[in-house]
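**Q** Please read through the structure below; I'll follow up with questions.
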Amino acid sequence: RRLLHDLIGKPTHPFIGIGVAAFSVAFLIAVRVFLEGQFDVVTPFSMFFIAIVLSSWLGGFWAGVVATTLSPIAYFSTASGDILALGGASLAVQFSIYVIDGVLISVVCASLRDQLHRRNALDASEKEARSQSSASEQKFRSLFENLPQIVFVTEADGRMSESNQHWESYTGIPTSAPLEERTKAIHPDDTEELFASVKRAVDAAVTHLQSLGAT
């Protein structure tokens with residue numbers, strides 16, 4: 001399964017595709033010679049489309065073109081004189097159609113292969129981003145809960161969105177309590193300065209985001 005995934009989902013060096021082209025053409029020639037020698041059957045020229053598909057899928061467009069070029073050369077160089085004589089003009093037409101089809105197949109296979117590579121690369125990038133985000137969230141959560149100080153997070157309007165365990169255990173006021181109730185945990189002399197500090201922090205964050213064009 002791993003090998004199949006690598007062949008389908010990962011880019012392959014063009015030289016590997018060219019090697020596959022040469023090997024697959026040679027293999028199909030061997031199959032052809034065996035069938036014609038043992039069973040006296042004429043194998044169709046279209047069998048070499050297998051080599052074109054494999055080559056263009058593994059090595060891209062030019063590997064498919066190599067297979068398209070090698071196939072007729074190998075076929076005619078090993079064909080008997082009777083086959084060549086009987087082919088005539090019909091054989092030339094079939095050869096021309098074969099070359100055109102071979103180039104088209106190479107274009108389609110290479111295009112599909114490239115699209116699959118891009119999709120796999122995008123999926124891998126998104127998976128890595130999710131993994132990093134999850135690790136960052138876990139690290140933040142660990143620090144948030146285990147710091148010995150009171151830690152809380154507020155929204156821009158002053159609402160407390162969450163706090164660590166020390167807030168409630170120290171103040172006795174739950175995070176979900178209204179803002180007016182939670183301010184009771186703050187000394188009256190510090191309330192004004194605290195909210196002013198929060199406003200300054202929010203304004204600075206907004207200014208920074210605006211400078212980044214994220215608003």
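Each chain in the structure tokens gets a letter, A, B, ..., in the order shown, and its residues are numbered from 1; ligands are numbered from 1 in order too.
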Which residues are close to Gln165 of chain A, i.e. within 9 Å by only C-alpha atoms, leaving aside same-chain residues fewer than 5 positions away? Reply as a VMD selection string.

**A** chain A and resid 145 to 146 150 to 151 170

**Q** Could you dump the residues just selected with all heavy atoms as a tab-separated table (two decimals), in the first residue's frame?

**A**
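Output saved as again.tsv:
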chain	number	residue	atom	x	y	z
A	145	GLU	N	-3.34	26.86	32.29
A	145	GLU	CA	-3.92	26.16	33.44
A	145	GLU	C	-2.92	25.95	34.57
A	145	GLU	O	-3.32	25.84	35.73
A	145	GLU	CB	-4.47	24.81	32.99
A	145	GLU	CG	-5.66	24.90	32.05
A	145	GLU	CD	-6.87	25.54	32.71
A	145	GLU	OE1	-6.93	25.60	33.96
A	145	GLU	OE2	-7.76	26.00	31.98
A	146	ASN	N	-1.63	25.90	34.26
A	146	ASN	CA	-0.65	25.51	35.27
A	146	ASN	C	0.15	26.65	35.86
A	146	ASN	O	0.91	26.44	36.81
A	146	ASN	CB	0.32	24.48	34.68
A	146	ASN	CG	-0.38	23.18	34.31
A	146	ASN	OD1	-1.17	22.64	35.08
A	146	ASN	ND2	-0.11	22.67	33.12
A	150	ILE	N	-3.17	34.15	38.69
A	150	ILE	CA	-4.49	34.27	38.09
A	150	ILE	C	-4.32	34.75	36.65
A	150	ILE	O	-3.69	35.78	36.40
A	150	ILE	CB	-5.37	35.26	38.86
A	150	ILE	CG1	-5.64	34.73	40.29
A	150	ILE	CG2	-6.68	35.51	38.14
A	150	ILE	CD1	-6.38	35.72	41.16
A	151	VAL	N	-4.87	34.00	35.72
A	151	VAL	CA	-4.78	34.36	34.30
A	151	VAL	C	-6.19	34.35	33.72
A	151	VAL	O	-6.94	33.39	33.93
A	151	VAL	CB	-3.89	33.38	33.51
A	151	VAL	CG1	-3.79	33.82	32.05
A	151	VAL	CG2	-2.51	33.30	34.15
A	170	TYR	N	-9.61	31.70	43.88
A	170	TYR	CA	-9.15	32.84	44.69
A	170	TYR	C	-10.26	33.84	44.97
A	170	TYR	O	-10.42	34.34	46.09
A	170	TYR	CB	-7.99	33.54	43.98
A	170	TYR	CG	-7.40	34.70	44.76
A	170	TYR	CD1	-6.48	34.47	45.78
A	170	TYR	CD2	-7.76	36.01	44.47
A	170	TYR	CE1	-5.93	35.52	46.49
A	170	TYR	CE2	-7.23	37.07	45.18
A	170	TYR	CZ	-6.31	36.82	46.20
A	170	TYR	OH	-5.78	37.86	46.91

**Q** Determine which residues of chain A DSSP labels as alpha helix (DSSP H) from the backbone of this structure, then write them out as a PyMOL selection string.

**A** chain A and resi 2-9+14-39+49-59+61-78+81-146+165-171+179-182+188-212

**Q** So what do you get for atom CA of Val25 of chain A versus atom CA of Ser71 of chain A, distance-wise?

**A**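 Interatomic distance, atom CA of Val25 of chain A to atom CA of Ser71 of chain A: 6.0 Å.
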
**Q** Using atom CA of Val103 of chain A and atom CA of Ser77 of chain A as the two end points, give the distance in Å to one decimal.

**A**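 Result for atom CA of Val103 of chain A versus atom CA of Ser77 of chain A: 21.4 Å, one decimal.
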
**Q** Which residue gives the smallest distance to Val153 of chain A among A:Val33, A:Val202, A:Ala129, A:Leu116, with only C-alpha atoms counted?

**A**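 For Val153 of chain A, the nearest of the candidates is A:Val202.
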
**Q** Which of these, A:Trp62, A:Tyr98, A:Phe152, A:Phe76, has the shortest distance to Gly19 of chain A once you count only C-alpha atoms?

**A**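 Once distances to Gly19 of chain A are computed over only C-alpha atoms, the minimum belongs to A:Trp62.
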
**Q** With only C-alpha atoms as the counted atoms, please give the residues lying no more than 12 Å from Ala26 of chain A, apart from itself and same-chain residues fewer than 6 positions off, as an NGL selection string.

**A** :A and (19-20 or 32-33 or 48 or 50-51 or 67 or 70-75 or 78)

**Q** Please compute the atom CA of Ile186 of chain A-atom CA of Trp167 of chain A distance, one decimal, in Å.

**A**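 Those two atoms sit 11.8 Å apart.
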
**Q** Which is closer to Ala177 of chain A than all the others in A:Ser134, A:Ser163, A:Gln149, A:Ser106, using only C-alpha atoms?

**A**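 Closest candidate: A:Ser163.
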
**Q** With distances taken over only C-alpha atoms, which of A:Thr69, A:Ser56, A:Gln138, A:Gln210 is nearest to Ser111 of chain A?

**A**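 The closest residue to Ser111 of chain A is A:Ser56.
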
**Q** Quick one: pick out all strand (DSSP E or B) residues within segment 3-208 of chain A from a backbone DSSP run and write them as a PyMOL selection string.

**A** chain A and resi 152-154+160-163

**Q** Find the residues around Gly172 of chain A up to 10 Å (only C-alpha atoms counted), leave out those fewer than 5 positions away in its own chain, and share them as a PyMOL selection string.

**A** chain A and resi 166-167+182+185
